[in-house]
Amino acid sequence: MKTKVATGLLCAAALTGSVATGVAHAGTSNAAATSCYAQAATPFYKNGTVYATGHAYCSPWADVEITVTITADGAFEGDTETGVIAAPHISDTAAAPNRSGNQKWCTLVSGSYYTNGKTYPISDSACESSTAF
């Protein structure tokens, strides 16, 4: 059974939708440029469960949504989606039960931010450096 854990920071509203990959910066010459980026944390193990946390950081604040996916040996194990309106930071955690044997666990973060009527994709990934869960 796959587990889904969601913990949005500074969430004003939950959003869902499609996601894309890449890193983007946006803005106009008349206003401060909005810049957002995704950051994936290395998965960690606790009490029989592997957790994968992802973040999005924006300056200045922006409407942003992310999907955090956890994989084992490249196979989908679970995901969670979070969105906020006008926030500088968003965070979410996906989780999956650990299995016997060695797997390579990874965190994948993908999402979008919105500014000046346009959508810009963001993404990042991080994998454990050892298979010692």
# chains A, B, ... in the order shown; residues from 1 in each chain; ligands from 1
>>> select_by_dssp(residues="stretch 79-120 of chain A", states="strand (DSSP E or B)", output="PyMOL selection string")
chain A and resi 79-97+105-115+118-120
>>> write_last_selection(atoms="N, CA and C atoms", output="mmCIF file, in the first residue's frame")
data_model
loop_
_atom_site.group_PDB
_atom_site.id
_atom_site.type_symbol
_atom_site.label_atom_id
_atom_site.label_comp_id
_atom_site.auth_asym_id
_atom_site.auth_seq_id
_atom_site.Cartn_x
_atom_site.Cartn_y
_atom_site.Cartn_z
ATOM 1 N N ASP A 79 2.943 9.786 -4.651
ATOM 2 C CA ASP A 79 3.137 11.213 -4.871
ATOM 3 C C ASP A 79 2.105 12.000 -4.090
ATOM 4 N N THR A 80 2.305 13.285 -4.058
ATOM 5 C CA THR A 80 1.379 14.196 -3.399
ATOM 6 C C THR A 80 1.478 15.554 -4.084
ATOM 7 N N GLU A 81 0.397 16.308 -4.074
ATOM 8 C CA GLU A 81 0.361 17.626 -4.723
ATOM 9 C C GLU A 81 -0.038 18.694 -3.724
ATOM 10 N N THR A 82 0.581 19.857 -3.841
ATOM 11 C CA THR A 82 0.272 20.991 -2.979
ATOM 12 C C THR A 82 0.361 22.271 -3.792
ATOM 13 N N GLY A 83 -0.484 23.218 -3.478
ATOM 14 C CA GLY A 83 -0.414 24.512 -4.138
ATOM 15 C C GLY A 83 -0.716 25.626 -3.159
ATOM 16 N N VAL A 84 -0.181 26.801 -3.434
ATOM 17 C CA VAL A 84 -0.436 27.968 -2.601
ATOM 18 C C VAL A 84 -0.634 29.203 -3.464
ATOM 19 N N ILE A 85 -1.268 30.174 -2.881
ATOM 20 C CA ILE A 85 -1.440 31.468 -3.537
ATOM 21 C C ILE A 85 -0.580 32.478 -2.794
ATOM 22 N N ALA A 86 0.272 33.185 -3.511
ATOM 23 C CA ALA A 86 1.113 34.258 -2.976
ATOM 24 C C ALA A 86 1.908 33.821 -1.753
ATOM 25 N N ALA A 87 2.860 32.939 -1.967
ATOM 26 C CA ALA A 87 3.707 32.462 -0.871
ATOM 27 C C ALA A 87 5.169 32.439 -1.309
ATOM 28 N N PRO A 88 6.088 32.565 -0.351
ATOM 29 C CA PRO A 88 7.503 32.506 -0.685
ATOM 30 C C PRO A 88 8.065 31.080 -0.655
ATOM 31 N N HIS A 89 7.332 30.143 0.001
ATOM 32 C CA HIS A 89 7.845 28.789 0.171
ATOM 33 C C HIS A 89 6.683 27.808 0.269
ATOM 34 N N ILE A 90 6.860 26.664 -0.368
ATOM 35 C CA ILE A 90 5.890 25.579 -0.282
ATOM 36 C C ILE A 90 6.681 24.292 -0.098
ATOM 37 N N SER A 91 6.139 23.374 0.681
ATOM 38 C CA SER A 91 6.815 22.119 0.968
ATOM 39 C C SER A 91 5.793 20.997 1.001
ATOM 40 N N ASP A 92 6.196 19.811 0.568
ATOM 41 C CA ASP A 92 5.312 18.659 0.601
ATOM 42 C C ASP A 92 6.153 17.395 0.737
ATOM 43 N N THR A 93 5.574 16.331 1.283
ATOM 44 C CA THR A 93 6.297 15.083 1.493
ATOM 45 C C THR A 93 5.469 13.905 1.018
ATOM 46 N N ALA A 94 6.058 13.079 0.155
ATOM 47 C CA ALA A 94 5.459 11.812 -0.259
ATOM 48 C C ALA A 94 6.140 10.709 0.536
ATOM 49 N N ALA A 95 5.445 9.603 0.765
ATOM 50 C CA ALA A 95 6.002 8.522 1.569
ATOM 51 C C ALA A 95 5.597 7.172 0.988
ATOM 52 N N ALA A 96 6.433 6.170 1.246
ATOM 53 C CA ALA A 96 6.148 4.801 0.808
ATOM 54 C C ALA A 96 6.771 3.835 1.809
ATOM 55 N N PRO A 97 6.139 2.675 2.011
ATOM 56 C CA PRO A 97 6.729 1.698 2.929
ATOM 57 C C PRO A 97 8.033 1.151 2.353
ATOM 58 N N TRP A 105 16.226 4.946 -3.740
ATOM 59 C CA TRP A 105 15.078 5.819 -3.541
ATOM 60 C C TRP A 105 15.398 7.227 -4.031
ATOM 61 N N CYS A 106 14.427 7.833 -4.711
ATOM 62 C CA CYS A 106 14.614 9.193 -5.239
ATOM 63 C C CYS A 106 13.396 10.063 -4.955
ATOM 64 N N THR A 107 13.651 11.358 -4.826
ATOM 65 C CA THR A 107 12.630 12.390 -4.709
ATOM 66 C C THR A 107 12.607 13.173 -6.012
ATOM 67 N N LEU A 108 11.438 13.330 -6.603
ATOM 68 C CA LEU A 108 11.272 14.125 -7.814
ATOM 69 C C LEU A 108 10.268 15.234 -7.505
ATOM 70 N N VAL A 109 10.640 16.472 -7.795
ATOM 71 C CA VAL A 109 9.750 17.611 -7.586
ATOM 72 C C VAL A 109 9.500 18.258 -8.942
ATOM 73 N N SER A 110 8.239 18.455 -9.267
ATOM 74 C CA SER A 110 7.900 19.170 -10.495
ATOM 75 C C SER A 110 6.714 20.069 -10.197
ATOM 76 N N GLY A 111 6.639 21.153 -10.914
ATOM 77 C CA GLY A 111 5.538 22.073 -10.668
ATOM 78 C C GLY A 111 5.590 23.283 -11.568
ATOM 79 N N SER A 112 4.806 24.282 -11.192
ATOM 80 C CA SER A 112 4.709 25.511 -11.973
ATOM 81 C C SER A 112 4.490 26.683 -11.041
ATOM 82 N N TYR A 113 4.921 27.856 -11.508
ATOM 83 C CA TYR A 113 4.546 29.084 -10.814
ATOM 84 C C TYR A 113 3.958 30.038 -11.836
ATOM 85 N N TYR A 114 3.183 30.981 -11.320
ATOM 86 C CA TYR A 114 2.387 31.850 -12.169
ATOM 87 C C TYR A 114 2.686 33.300 -11.844
ATOM 88 N N THR A 115 3.006 34.067 -12.880
ATOM 89 C CA THR A 115 3.254 35.487 -12.703
ATOM 90 C C THR A 115 2.960 36.220 -14.010
ATOM 91 N N LYS A 118 1.359 34.374 -16.932
ATOM 92 C CA LYS A 118 2.067 33.287 -17.609
ATOM 93 C C LYS A 118 2.423 32.188 -16.614
ATOM 94 N N THR A 119 2.632 30.991 -17.142
ATOM 95 C CA THR A 119 3.008 29.823 -16.342
ATOM 96 C C THR A 119 4.450 29.438 -16.668
ATOM 97 N N TYR A 120 5.231 29.142 -15.619
ATOM 98 C CA TYR A 120 6.627 28.763 -15.785
ATOM 99 C C TYR A 120 6.901 27.460 -15.029
#
>>> closest_residue(among="A:Asn102, A:Pro121, A:Ala126, A:Tyr37", to="A:Cys58", atoms="only C-alpha atoms")
A:Tyr37
>>> atom_distance(atom1="atom CA of A:Ile122", atom2="atom CA of A:Ala56")
8.3 Å
>>> residues_around(residues="stretch 44-47 of chain A", least_positions_apart="3", cutoff="8 Å", atoms="only C-alpha atoms", output="number ranges by chain")
A: 50-52, 98, 128, 133
>>> write_last_selection(atoms="N, CA and C atoms", output="PDB file, in the first residue's frame")
ATOM      1  N   VAL A  50       9.836   5.274   3.947  1.00  0.00           N
ATOM      2  CA  VAL A  50      10.783   6.162   3.269  1.00  0.00           C
ATOM      3  C   VAL A  50      10.021   7.436   2.894  1.00  0.00           C
ATOM      4  N   TYR A  51      10.603   8.581   3.233  1.00  0.00           N
ATOM      5  CA  TYR A  51       9.985   9.882   3.000  1.00  0.00           C
ATOM      6  C   TYR A  51      10.774  10.682   1.975  1.00  0.00           C
ATOM      7  N   ALA A  52      10.051  11.362   1.093  1.00  0.00           N
ATOM      8  CA  ALA A  52      10.662  12.202   0.059  1.00  0.00           C
ATOM      9  C   ALA A  52      10.026  13.595   0.151  1.00  0.00           C
ATOM     10  N   ASN A  98       9.012   0.964   3.229  1.00  0.00           N
ATOM     11  CA  ASN A  98      10.280   0.368   2.801  1.00  0.00           C
ATOM     12  C   ASN A  98      10.056  -1.107   2.492  1.00  0.00           C
ATOM     13  N   GLU A 128      19.123   9.000  -2.970  1.00  0.00           N
ATOM     14  CA  GLU A 128      20.018   8.597  -1.902  1.00  0.00           C
ATOM     15  C   GLU A 128      21.349   8.169  -2.500  1.00  0.00           C
ATOM     16  N   PHE A 133      18.911   1.398   3.215  1.00  0.00           N
ATOM     17  CA  PHE A 133      17.682   1.462   4.006  1.00  0.00           C
ATOM     18  C   PHE A 133      17.378   0.061   4.431  1.00  0.00           C
TER      19      PHE A 133
END
